[in-house]
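Shown next, in structure tokens, is the structure this report addresses.
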Amino acid sequence: MLAYIYWNPDPVAFSLGPLQIRWYGLLFALPFVIGYFLMQHFYKRENQPVKYLDTLLTYVILGAIIGARLGHCLFYEPEIYLRDPIRILKIWEGGLASHGGAIGVIIALWLYSRKTHQSFWWTTDRVAILVGMAGACIRFGNVMNSEIIGKPTNLPWGFIFARVDEIPRHPAQLYESLAYLLIFVLMLYLYYRYLNRKITIPEGYFVGLLLILVFSVRFFIEFLKEPQVGFEQNLALNMGQLLSIPFIIFGLWLMVRKHKIPTQKKQTS
């Protein structure tokens with residue numbers, strides 16, 4: 001008999017009086033904390049004005065939350081939220097979409113660049129390096145919530161999400177989390193490699209690479225997930241996959257436009 005992984009953690013990490021702090025909330029906030037210090041390091045290393053970091057953090061947080069919430073409401077359940085728009089504000093009920101979050105962050109970075117007169121592409125490329133870490137944390141938060149579950153499987157690492165049913169399933173959230181963590185490590189490695197070798201990084205290079213890798217991973221792992229909403233049952237590709245395709249195409253365009261690739265800076269004598 002196969003020994004599957006029985007998964008039934010308490011989604012609440014700890015309580016402060018009547019306030020319950022959930023693992024998902026902690027894991028959602030953690031990337032912003034780590035990302036702040038990494039961006040501070042990037043700014044100092046490349047002689048950028050650190051004074052704008054607090055403004056950048058504020059814009060990115062608002063862009064990510066507002067974009068992810070509106071993305072879920074408009075992409076996945078528009079009939080519910082258009083009928084009762086006030087429910088859009090009830091973010092504690094759950095419902096965040098990564099595609100909407102990506103759009104929200106891009107808009108927020110554009111607004112940040114206009115306000116501070118900092119280079120949009122320089123900032124966006126450095127933020128892109130950190131997105132894999134954020135995705136890894138958020139998907140692990142989904143694991144702790146026993147949500148966004150995978151399809152049934154007989155594989156020995158199948159998870160039985162006790163809060164859902166007694167069927168062994170693909171831990172699709174964990175697959176995604178690990179893939180995003182590897183993307184983060186790769187992006188960080190490339191950044192330091194190029195910087196240490198004085199290799200010029202074309203504008204939009206890391207953004208393009210991120211979009212290709214993250215949304216390709218998302219596209220293929222979606223085949224292992226259960227549908228998130230009812231209307232996906234009859235679709236050849238689910239909503240997550242359909243929304244991923246434009247991001248992948250845009251990422252490819254950024255990577256190949258004018259054949260821009262990282263190039264060694266010429267030494268001057």
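By order in the structure tokens, chains are A, B, ...; within a chain, residues start at 1; ligands start at 1, following the order shown.
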
Determine, using only C-alpha atoms, which residues of range 74-133 of chain A have any atom at most 12 Å from an atom of range 50-63 of chain A, and tabulate each with its shortest atom pair and distance in Å to one decimal place, rows ordered by chain and then rising number, as JSON lines.
{"residue": "A:Ser98", "atom": "CA", "partner": "A:Gly63", "partner_atom": "CA", "distance": 11.6}
{"residue": "A:His99", "atom": "CA", "partner": "A:Gly63", "partner_atom": "CA", "distance": 11.9}
{"residue": "A:Gly100", "atom": "CA", "partner": "A:Gly63", "partner_atom": "CA", "distance": 9.3}
{"residue": "A:Gly101", "atom": "CA", "partner": "A:Gly63", "partner_atom": "CA", "distance": 6.9}
{"residue": "A:Ala102", "atom": "CA", "partner": "A:Gly63", "partner_atom": "CA", "distance": 8.4}
{"residue": "A:Ile103", "atom": "CA", "partner": "A:Gly63", "partner_atom": "CA", "distance": 8.0}
{"residue": "A:Gly104", "atom": "CA", "partner": "A:Gly63", "partner_atom": "CA", "distance": 4.4}
{"residue": "A:Val105", "atom": "CA", "partner": "A:Gly63", "partner_atom": "CA", "distance": 4.6}
{"residue": "A:Ile106", "atom": "CA", "partner": "A:Gly63", "partner_atom": "CA", "distance": 7.7}
{"residue": "A:Ile107", "atom": "CA", "partner": "A:Gly63", "partner_atom": "CA", "distance": 7.0}
{"residue": "A:Ala108", "atom": "CA", "partner": "A:Gly63", "partner_atom": "CA", "distance": 5.2}
{"residue": "A:Leu109", "atom": "CA", "partner": "A:Val60", "partner_atom": "CA", "distance": 6.9}
{"residue": "A:Trp110", "atom": "CA", "partner": "A:Tyr59", "partner_atom": "CA", "distance": 9.6}
{"residue": "A:Leu111", "atom": "CA", "partner": "A:Tyr59", "partner_atom": "CA", "distance": 8.0}
{"residue": "A:Tyr112", "atom": "CA", "partner": "A:Leu56", "partner_atom": "CA", "distance": 6.5}
{"residue": "A:Ser113", "atom": "CA", "partner": "A:Leu56", "partner_atom": "CA", "distance": 9.0}
{"residue": "A:Arg114", "atom": "CA", "partner": "A:Leu56", "partner_atom": "CA", "distance": 11.6}
{"residue": "A:Lys115", "atom": "CA", "partner": "A:Thr55", "partner_atom": "CA", "distance": 9.4}
{"residue": "A:Thr116", "atom": "CA", "partner": "A:Tyr52", "partner_atom": "CA", "distance": 7.4}
{"residue": "A:His117", "atom": "CA", "partner": "A:Tyr52", "partner_atom": "CA", "distance": 10.3}
{"residue": "A:Gln118", "atom": "CA", "partner": "A:Tyr52", "partner_atom": "CA", "distance": 9.0}
{"residue": "A:Phe120", "atom": "CA", "partner": "A:Leu56", "partner_atom": "CA", "distance": 11.4}
{"residue": "A:Thr123", "atom": "CA", "partner": "A:Leu56", "partner_atom": "CA", "distance": 9.1}
{"residue": "A:Thr124", "atom": "CA", "partner": "A:Val60", "partner_atom": "CA", "distance": 10.4}
{"residue": "A:Arg126", "atom": "CA", "partner": "A:Leu56", "partner_atom": "CA", "distance": 11.7}
{"residue": "A:Val127", "atom": "CA", "partner": "A:Val60", "partner_atom": "CA", "distance": 9.2}
{"residue": "A:Ala128", "atom": "CA", "partner": "A:Val60", "partner_atom": "CA", "distance": 11.5}
{"residue": "A:Leu130", "atom": "CA", "partner": "A:Val60", "partner_atom": "CA", "distance": 11.9}
{"residue": "A:Val131", "atom": "CA", "partner": "A:Val60", "partner_atom": "CA", "distance": 11.1}

Output the selection as a short mmCIF file (atom, residue, chain, number, x, y, z; two decimals), in the first residue's frame - N, CA, C and O atoms for each residue.
data_model
loop_
_atom_site.label_atom_id
_atom_site.label_comp_id
_atom_site.auth_asym_id
_atom_site.auth_seq_id
_atom_site.Cartn_x
_atom_site.Cartn_y
_atom_site.Cartn_z
N SER A 98 -2.55 35.91 -9.66
CA SER A 98 -1.17 36.34 -9.92
C SER A 98 -1.07 37.17 -11.20
O SER A 98 -0.24 38.10 -11.28
N HIS A 99 -1.91 36.85 -12.20
CA HIS A 99 -1.85 37.63 -13.44
C HIS A 99 -2.26 39.08 -13.18
O HIS A 99 -1.63 40.01 -13.70
N GLY A 100 -3.29 39.27 -12.40
CA GLY A 100 -3.70 40.62 -12.03
C GLY A 100 -2.64 41.31 -11.19
O GLY A 100 -2.38 42.51 -11.35
N GLY A 101 -1.99 40.54 -10.30
CA GLY A 101 -0.92 41.10 -9.49
C GLY A 101 0.24 41.58 -10.35
O GLY A 101 0.84 42.63 -10.09
N ALA A 102 0.58 40.81 -11.40
CA ALA A 102 1.66 41.20 -12.30
C ALA A 102 1.34 42.52 -13.00
O ALA A 102 2.18 43.42 -13.10
N ILE A 103 0.11 42.63 -13.49
CA ILE A 103 -0.31 43.87 -14.16
C ILE A 103 -0.28 45.04 -13.17
O ILE A 103 0.19 46.14 -13.49
N GLY A 104 -0.78 44.79 -11.96
CA GLY A 104 -0.81 45.83 -10.94
C GLY A 104 0.58 46.33 -10.58
O GLY A 104 0.80 47.54 -10.42
N VAL A 105 1.55 45.43 -10.46
CA VAL A 105 2.91 45.83 -10.12
C VAL A 105 3.55 46.62 -11.26
O VAL A 105 4.24 47.62 -11.03
N ILE A 106 3.31 46.21 -12.50
CA ILE A 106 3.86 46.94 -13.65
C ILE A 106 3.32 48.37 -13.68
O ILE A 106 4.07 49.34 -13.88
N ILE A 107 2.01 48.53 -13.46
CA ILE A 107 1.41 49.86 -13.43
C ILE A 107 1.98 50.67 -12.27
O ILE A 107 2.31 51.87 -12.42
N ALA A 108 2.14 50.01 -11.11
CA ALA A 108 2.68 50.70 -9.94
C ALA A 108 4.11 51.17 -10.19
O ALA A 108 4.49 52.28 -9.79
N LEU A 109 4.93 50.36 -10.86
CA LEU A 109 6.30 50.75 -11.16
C LEU A 109 6.36 51.90 -12.16
O LEU A 109 7.24 52.76 -12.08
N TRP A 110 5.42 51.91 -13.09
CA TRP A 110 5.35 53.02 -14.04
C TRP A 110 5.00 54.32 -13.31
O TRP A 110 5.63 55.37 -13.54
N LEU A 111 4.03 54.25 -12.38
CA LEU A 111 3.66 55.43 -11.61
C LEU A 111 4.81 55.87 -10.70
O LEU A 111 5.07 57.08 -10.56
N TYR A 112 5.51 54.90 -10.10
CA TYR A 112 6.66 55.21 -9.26
C TYR A 112 7.74 55.93 -10.06
O TYR A 112 8.33 56.92 -9.60
N SER A 113 8.00 55.46 -11.28
CA SER A 113 9.03 56.07 -12.12
C SER A 113 8.66 57.49 -12.51
O SER A 113 9.52 58.38 -12.55
N ARG A 114 7.39 57.73 -12.75
CA ARG A 114 6.94 59.08 -13.10
C ARG A 114 7.07 60.02 -11.91
O ARG A 114 7.44 61.18 -12.06
N LYS A 115 6.78 59.50 -10.73
CA LYS A 115 6.84 60.34 -9.53
C LYS A 115 8.28 60.67 -9.14
O LYS A 115 8.58 61.80 -8.75
N THR A 116 9.17 59.69 -9.24
CA THR A 116 10.55 59.87 -8.75
C THR A 116 11.54 60.18 -9.87
O THR A 116 12.70 60.48 -9.58
N HIS A 117 11.10 60.06 -11.12
CA HIS A 117 11.97 60.27 -12.28
C HIS A 117 13.13 59.27 -12.32
O HIS A 117 14.21 59.57 -12.84
N GLN A 118 12.88 58.08 -11.76
CA GLN A 118 13.84 56.99 -11.86
C GLN A 118 13.56 56.16 -13.10
O GLN A 118 12.42 56.11 -13.57
N PHE A 120 12.35 53.53 -15.41
CA PHE A 120 11.34 52.47 -15.28
C PHE A 120 11.95 51.09 -15.48
O PHE A 120 11.72 50.17 -14.69
N THR A 123 14.47 49.91 -12.65
CA THR A 123 13.74 49.50 -11.45
C THR A 123 12.99 48.20 -11.67
O THR A 123 13.04 47.28 -10.85
N THR A 124 12.27 48.10 -12.79
CA THR A 124 11.45 46.93 -13.06
C THR A 124 12.30 45.67 -13.22
O THR A 124 11.93 44.59 -12.74
N ARG A 126 15.13 45.05 -11.73
CA ARG A 126 15.61 44.62 -10.39
C ARG A 126 14.47 44.03 -9.56
O ARG A 126 14.66 43.04 -8.85
N VAL A 127 13.29 44.61 -9.67
CA VAL A 127 12.13 44.02 -8.97
C VAL A 127 11.83 42.63 -9.53
O VAL A 127 11.48 41.71 -8.78
N ALA A 128 11.99 42.46 -10.85
CA ALA A 128 11.71 41.16 -11.49
C ALA A 128 12.57 40.05 -10.91
O ALA A 128 12.13 38.90 -10.81
N LEU A 130 13.26 39.54 -7.95
CA LEU A 130 12.72 39.13 -6.65
C LEU A 130 11.36 38.44 -6.75
O LEU A 130 10.89 37.86 -5.78
N VAL A 131 10.73 38.52 -7.91
CA VAL A 131 9.35 38.03 -8.04
C VAL A 131 9.26 36.52 -7.82
O VAL A 131 8.29 36.02 -7.24
#

query = Which polymer residues have any atom within 8 Å of an atom of Tyr24 in chain A, counting only C-alpha atoms, with same-chain residues fewer than 4 positions away left out, as a list in words?
reply = Pro11, Phe28, Ile138, Phe140, Gly141, Asn142, Met144 and Asn145 of chain A

Output N, CA and C atoms of each residue in that selection to a file, as an mmCIF file, in the first residue's frame.
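Printed below is again_2.cif as written:
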data_model
loop_
_atom_site.group_PDB
_atom_site.id
_atom_site.type_symbol
_atom_site.label_atom_id
_atom_site.label_comp_id
_atom_site.auth_asym_id
_atom_site.auth_seq_id
_atom_site.Cartn_x
_atom_site.Cartn_y
_atom_site.Cartn_z
ATOM 1 N N PRO A 11 -4.188 26.434 9.405
ATOM 2 C CA PRO A 11 -3.817 27.613 8.607
ATOM 3 C C PRO A 11 -3.492 28.840 9.447
ATOM 4 N N PHE A 28 2.725 35.946 2.576
ATOM 5 C CA PHE A 28 2.468 37.012 1.610
ATOM 6 C C PHE A 28 3.326 38.229 1.942
ATOM 7 N N ILE A 138 4.124 32.726 -1.725
ATOM 8 C CA ILE A 138 2.664 32.753 -1.834
ATOM 9 C C ILE A 138 2.110 31.364 -2.130
ATOM 10 N N PHE A 140 3.485 28.564 -1.300
ATOM 11 C CA PHE A 140 3.595 27.749 -0.082
ATOM 12 C C PHE A 140 2.491 28.136 0.898
ATOM 13 N N GLY A 141 2.087 29.404 0.868
ATOM 14 C CA GLY A 141 0.928 29.810 1.666
ATOM 15 C C GLY A 141 -0.326 29.085 1.233
ATOM 16 N N ASN A 142 -0.465 28.844 -0.081
ATOM 17 C CA ASN A 142 -1.590 28.058 -0.590
ATOM 18 C C ASN A 142 -1.520 26.618 -0.080
ATOM 19 N N MET A 144 -0.280 25.722 2.829
ATOM 20 C CA MET A 144 -0.703 25.783 4.227
ATOM 21 C C MET A 144 -2.214 25.961 4.354
ATOM 22 N N ASN A 145 -2.832 26.567 3.333
ATOM 23 C CA ASN A 145 -4.291 26.757 3.341
ATOM 24 C C ASN A 145 -5.032 25.570 2.730
#

ask   = Can you tell me, as a ChimeraX atom specification, what residues are no more than 8 Å from range 147-162 of chain A when counting only C-alpha atoms, ignoring any on the same chain fewer than 4 positions away?
value = /A:2-8,142-143,166-173,224-226,228

What would the file look like if the residues just selected were written as a PDB file, in the first residue's frame with N, CA and C atoms?
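Result written to again.pdb:
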ATOM      1  N   LEU A   2       0.574   2.208  -0.872  1.00  0.00           N
ATOM      2  CA  LEU A   2       1.359   3.431  -0.951  1.00  0.00           C
ATOM      3  C   LEU A   2       1.121   4.298   0.288  1.00  0.00           C
ATOM      4  N   ALA A   3       2.212   4.901   0.782  1.00  0.00           N
ATOM      5  CA  ALA A   3       2.108   5.779   1.948  1.00  0.00           C
ATOM      6  C   ALA A   3       2.070   7.223   1.463  1.00  0.00           C
ATOM      7  N   TYR A   4       0.892   7.766   1.351  1.00  0.00           N
ATOM      8  CA  TYR A   4       0.745   9.141   0.891  1.00  0.00           C
ATOM      9  C   TYR A   4       1.006  10.108   2.043  1.00  0.00           C
ATOM     10  N   ILE A   5       1.157  11.370   1.701  1.00  0.00           N
ATOM     11  CA  ILE A   5       1.414  12.407   2.706  1.00  0.00           C
ATOM     12  C   ILE A   5       0.082  12.978   3.167  1.00  0.00           C
ATOM     13  N   TYR A   6      -0.227  12.779   4.435  1.00  0.00           N
ATOM     14  CA  TYR A   6      -1.477  13.281   5.006  1.00  0.00           C
ATOM     15  C   TYR A   6      -1.249  14.721   5.446  1.00  0.00           C
ATOM     16  N   TRP A   7      -1.984  15.645   4.867  1.00  0.00           N
ATOM     17  CA  TRP A   7      -1.725  17.069   5.071  1.00  0.00           C
ATOM     18  C   TRP A   7      -2.922  17.753   5.718  1.00  0.00           C
ATOM     19  N   ASN A   8      -2.727  18.210   6.938  1.00  0.00           N
ATOM     20  CA  ASN A   8      -3.829  18.856   7.647  1.00  0.00           C
ATOM     21  C   ASN A   8      -3.302  19.891   8.649  1.00  0.00           C
ATOM     22  N   ASN A 142      -0.465  28.844  -0.081  1.00  0.00           N
ATOM     23  CA  ASN A 142      -1.590  28.058  -0.590  1.00  0.00           C
ATOM     24  C   ASN A 142      -1.520  26.618  -0.080  1.00  0.00           C
ATOM     25  N   VAL A 143      -0.310  26.080   0.040  1.00  0.00           N
ATOM     26  CA  VAL A 143      -0.145  24.731   0.607  1.00  0.00           C
ATOM     27  C   VAL A 143      -0.662  24.716   2.046  1.00  0.00           C
ATOM     28  N   GLU A 166     -10.345  12.914   1.012  1.00  0.00           N
ATOM     29  CA  GLU A 166      -9.389  11.864   1.369  1.00  0.00           C
ATOM     30  C   GLU A 166      -8.702  11.278   0.131  1.00  0.00           C
ATOM     31  N   ILE A 167      -8.655  12.034  -0.948  1.00  0.00           N
ATOM     32  CA  ILE A 167      -8.085  11.562  -2.210  1.00  0.00           C
ATOM     33  C   ILE A 167      -6.646  12.046  -2.342  1.00  0.00           C
ATOM     34  N   PRO A 168      -5.686  11.155  -2.628  1.00  0.00           N
ATOM     35  CA  PRO A 168      -4.305  11.600  -2.865  1.00  0.00           C
ATOM     36  C   PRO A 168      -4.240  12.478  -4.115  1.00  0.00           C
ATOM     37  N   ARG A 169      -3.584  13.616  -3.999  1.00  0.00           N
ATOM     38  CA  ARG A 169      -3.548  14.568  -5.100  1.00  0.00           C
ATOM     39  C   ARG A 169      -2.137  15.099  -5.340  1.00  0.00           C
ATOM     40  N   HIS A 170      -1.918  15.592  -6.566  1.00  0.00           N
ATOM     41  CA  HIS A 170      -0.670  16.290  -6.849  1.00  0.00           C
ATOM     42  C   HIS A 170      -0.573  17.523  -5.942  1.00  0.00           C
ATOM     43  N   PRO A 171       0.560  17.718  -5.249  1.00  0.00           N
ATOM     44  CA  PRO A 171       0.750  18.979  -4.516  1.00  0.00           C
ATOM     45  C   PRO A 171       1.177  20.071  -5.499  1.00  0.00           C
ATOM     46  N   ALA A 172       0.256  20.465  -6.365  1.00  0.00           N
ATOM     47  CA  ALA A 172       0.578  21.386  -7.460  1.00  0.00           C
ATOM     48  C   ALA A 172       1.114  22.715  -6.936  1.00  0.00           C
ATOM     49  N   GLN A 173       0.600  23.151  -5.780  1.00  0.00           N
ATOM     50  CA  GLN A 173       1.082  24.407  -5.208  1.00  0.00           C
ATOM     51  C   GLN A 173       2.561  24.279  -4.839  1.00  0.00           C
ATOM     52  N   LEU A 224      -2.072  19.989 -14.044  1.00  0.00           N
ATOM     53  CA  LEU A 224      -2.151  19.104 -12.886  1.00  0.00           C
ATOM     54  C   LEU A 224      -3.096  19.620 -11.809  1.00  0.00           C
ATOM     55  N   LYS A 225      -3.708  20.793 -12.028  1.00  0.00           N
ATOM     56  CA  LYS A 225      -4.571  21.394 -11.015  1.00  0.00           C
ATOM     57  C   LYS A 225      -6.040  21.106 -11.286  1.00  0.00           C
ATOM     58  N   GLU A 226      -6.796  21.098 -10.218  1.00  0.00           N
ATOM     59  CA  GLU A 226      -8.246  21.074 -10.350  1.00  0.00           C
ATOM     60  C   GLU A 226      -8.718  22.465 -10.792  1.00  0.00           C
ATOM     61  N   GLN A 228     -10.316  26.028 -10.883  1.00  0.00           N
ATOM     62  CA  GLN A 228     -10.541  26.967  -9.788  1.00  0.00           C
ATOM     63  C   GLN A 228     -11.994  27.432  -9.718  1.00  0.00           C
TER      64      GLN A 228
END

Backbone-only DSSP, alpha helix (DSSP H) members of range 53-166 of chain A, as an MDAnalysis selection string = chainID A and resid 53:75 78:83 98:116 120:145

Same residues, C-alpha atoms, output as an mmCIF file, in the first residue's frame:
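Contents of part_15.cif, as written:
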data_model
loop_
_atom_site.group_PDB
_atom_site.id
_atom_site.type_symbol
_atom_site.label_atom_id
_atom_site.label_comp_id
_atom_site.auth_asym_id
_atom_site.auth_seq_id
_atom_site.Cartn_x
_atom_site.Cartn_y
_atom_site.Cartn_z
ATOM 1 C CA LEU A 53 13.023 52.751 -1.532
ATOM 2 C CA ASP A 54 10.188 53.405 0.915
ATOM 3 C CA THR A 55 8.148 54.947 -1.900
ATOM 4 C CA LEU A 56 8.941 51.972 -4.141
ATOM 5 C CA LEU A 57 7.833 49.499 -1.458
ATOM 6 C CA THR A 58 4.539 51.339 -0.967
ATOM 7 C CA TYR A 59 3.788 51.396 -4.693
ATOM 8 C CA VAL A 60 4.660 47.725 -5.194
ATOM 9 C CA ILE A 61 2.577 46.538 -2.221
ATOM 10 C CA LEU A 62 -0.469 48.511 -3.343
ATOM 11 C CA GLY A 63 -0.028 47.464 -6.970
ATOM 12 C CA ALA A 64 0.329 43.783 -6.075
ATOM 13 C CA ILE A 65 -2.678 43.647 -3.729
ATOM 14 C CA ILE A 66 -5.053 45.808 -5.789
ATOM 15 C CA GLY A 67 -4.039 44.151 -9.056
ATOM 16 C CA ALA A 68 -4.284 40.619 -7.679
ATOM 17 C CA ARG A 69 -7.688 41.292 -6.142
ATOM 18 C CA LEU A 70 -9.169 42.957 -9.220
ATOM 19 C CA GLY A 71 -7.621 40.251 -11.402
ATOM 20 C CA HIS A 72 -9.423 37.507 -9.492
ATOM 21 C CA CYS A 73 -12.720 39.392 -9.456
ATOM 22 C CA LEU A 74 -12.671 40.259 -13.164
ATOM 23 C CA PHE A 75 -10.978 37.175 -14.632
ATOM 24 C CA PRO A 78 -16.932 38.667 -12.776
ATOM 25 C CA GLU A 79 -20.631 37.829 -12.534
ATOM 26 C CA ILE A 80 -20.457 37.675 -8.722
ATOM 27 C CA TYR A 81 -18.441 40.848 -8.177
ATOM 28 C CA LEU A 82 -20.150 42.952 -10.841
ATOM 29 C CA ARG A 83 -23.481 42.041 -9.253
ATOM 30 C CA SER A 98 -1.170 36.337 -9.923
ATOM 31 C CA HIS A 99 -1.852 37.632 -13.445
ATOM 32 C CA GLY A 100 -3.695 40.621 -12.027
ATOM 33 C CA GLY A 101 -0.915 41.095 -9.492
ATOM 34 C CA ALA A 102 1.664 41.204 -12.304
ATOM 35 C CA ILE A 103 -0.307 43.872 -14.164
ATOM 36 C CA GLY A 104 -0.807 45.834 -10.940
ATOM 37 C CA VAL A 105 2.914 45.828 -10.119
ATOM 38 C CA ILE A 106 3.864 46.936 -13.647
ATOM 39 C CA ILE A 107 1.410 49.861 -13.432
ATOM 40 C CA ALA A 108 2.679 50.701 -9.938
ATOM 41 C CA LEU A 109 6.303 50.748 -11.155
ATOM 42 C CA TRP A 110 5.351 53.022 -14.042
ATOM 43 C CA LEU A 111 3.658 55.431 -11.608
ATOM 44 C CA TYR A 112 6.661 55.210 -9.260
ATOM 45 C CA SER A 113 9.034 56.066 -12.118
ATOM 46 C CA ARG A 114 6.942 59.077 -13.100
ATOM 47 C CA LYS A 115 6.838 60.340 -9.527
ATOM 48 C CA THR A 116 10.552 59.865 -8.752
ATOM 49 C CA PHE A 120 11.336 52.473 -15.282
ATOM 50 C CA TRP A 121 13.292 49.601 -16.838
ATOM 51 C CA TRP A 122 16.168 49.715 -14.344
ATOM 52 C CA THR A 123 13.743 49.497 -11.446
ATOM 53 C CA THR A 124 11.454 46.926 -13.056
ATOM 54 C CA ASP A 125 14.355 44.638 -13.993
ATOM 55 C CA ARG A 126 15.610 44.620 -10.387
ATOM 56 C CA VAL A 127 12.134 44.022 -8.972
ATOM 57 C CA ALA A 128 11.710 41.165 -11.487
ATOM 58 C CA ILE A 129 14.679 39.371 -9.917
ATOM 59 C CA LEU A 130 12.715 39.128 -6.652
ATOM 60 C CA VAL A 131 9.355 38.027 -8.039
ATOM 61 C CA GLY A 132 10.257 34.322 -8.053
ATOM 62 C CA MET A 133 10.831 34.480 -4.299
ATOM 63 C CA ALA A 134 7.455 36.147 -3.816
ATOM 64 C CA GLY A 135 5.718 33.516 -5.934
ATOM 65 C CA ALA A 136 7.405 30.711 -3.988
ATOM 66 C CA CYS A 137 6.225 32.141 -0.656
ATOM 67 C CA ILE A 138 2.664 32.753 -1.834
ATOM 68 C CA ARG A 139 2.280 29.285 -3.325
ATOM 69 C CA PHE A 140 3.595 27.749 -0.082
ATOM 70 C CA GLY A 141 0.928 29.810 1.666
ATOM 71 C CA ASN A 142 -1.590 28.058 -0.590
ATOM 72 C CA VAL A 143 -0.145 24.731 0.607
ATOM 73 C CA MET A 144 -0.703 25.783 4.227
ATOM 74 C CA ASN A 145 -4.291 26.757 3.341
#

request  = Taking the chain letters and numbering used in this document, name the residues of range 66-262 of chain A that DSSP puts in strand (DSSP E or B), as a PyMOL selection string.
outcome  = chain A and resi 150+152+159-161+168-169+199-200+225

Those residues with N, CA and C atoms, as a PDB file, in the first residue's frame please?
ATOM      1  N   GLY A 150      -4.192  19.934  -6.492  1.00  0.00           N
ATOM      2  CA  GLY A 150      -3.947  19.236  -7.744  1.00  0.00           C
ATOM      3  C   GLY A 150      -4.952  18.131  -7.999  1.00  0.00           C
ATOM      4  N   PRO A 152      -6.133  14.138  -8.757  1.00  0.00           N
ATOM      5  CA  PRO A 152      -5.783  12.868  -8.100  1.00  0.00           C
ATOM      6  C   PRO A 152      -4.552  12.219  -8.735  1.00  0.00           C
ATOM      7  N   PHE A 159      -0.406  14.176  -1.964  1.00  0.00           N
ATOM      8  CA  PHE A 159      -0.880  14.768  -0.707  1.00  0.00           C
ATOM      9  C   PHE A 159      -2.365  14.457  -0.533  1.00  0.00           C
ATOM     10  N   ILE A 160      -2.733  14.037   0.651  1.00  0.00           N
ATOM     11  CA  ILE A 160      -4.148  13.952   1.021  1.00  0.00           C
ATOM     12  C   ILE A 160      -4.478  15.222   1.796  1.00  0.00           C
ATOM     13  N   PHE A 161      -5.156  16.150   1.136  1.00  0.00           N
ATOM     14  CA  PHE A 161      -5.530  17.403   1.791  1.00  0.00           C
ATOM     15  C   PHE A 161      -6.786  17.138   2.620  1.00  0.00           C
ATOM     16  N   PRO A 168      -5.686  11.155  -2.628  1.00  0.00           N
ATOM     17  CA  PRO A 168      -4.305  11.600  -2.865  1.00  0.00           C
ATOM     18  C   PRO A 168      -4.240  12.478  -4.115  1.00  0.00           C
ATOM     19  N   ARG A 169      -3.584  13.616  -3.999  1.00  0.00           N
ATOM     20  CA  ARG A 169      -3.548  14.568  -5.100  1.00  0.00           C
ATOM     21  C   ARG A 169      -2.137  15.099  -5.340  1.00  0.00           C
ATOM     22  N   ILE A 199      29.123  43.133 -17.342  1.00  0.00           N
ATOM     23  CA  ILE A 199      28.333  42.863 -18.548  1.00  0.00           C
ATOM     24  C   ILE A 199      27.107  43.774 -18.543  1.00  0.00           C
ATOM     25  N   THR A 200      26.905  44.480 -19.631  1.00  0.00           N
ATOM     26  CA  THR A 200      25.754  45.381 -19.748  1.00  0.00           C
ATOM     27  C   THR A 200      24.459  44.569 -19.830  1.00  0.00           C
ATOM     28  N   LYS A 225      -3.708  20.793 -12.028  1.00  0.00           N
ATOM     29  CA  LYS A 225      -4.571  21.394 -11.015  1.00  0.00           C
ATOM     30  C   LYS A 225      -6.040  21.106 -11.286  1.00  0.00           C
TER      31      LYS A 225
END

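Taking CA of Arg45 in chain A and CA of Arg197 in chain A as the two end points, the separation is 14.0 Å.
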
message = Rounded to one decimal, what separation in Å do you get between CA of Leu252 in chain A and CA of Tyr194 in chain A?
response = 20.2 Å

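Checking A:Gln48, A:Gln241, A:Gln233, A:Ser119 one by one against Phe219 in chain A, counting only C-alpha atoms, you find the shortest gap at A:Gln241.
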
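Picture a line from CA of Leu211 in chain A to CA of Phe250 in chain A; it runs 7.6 Å.
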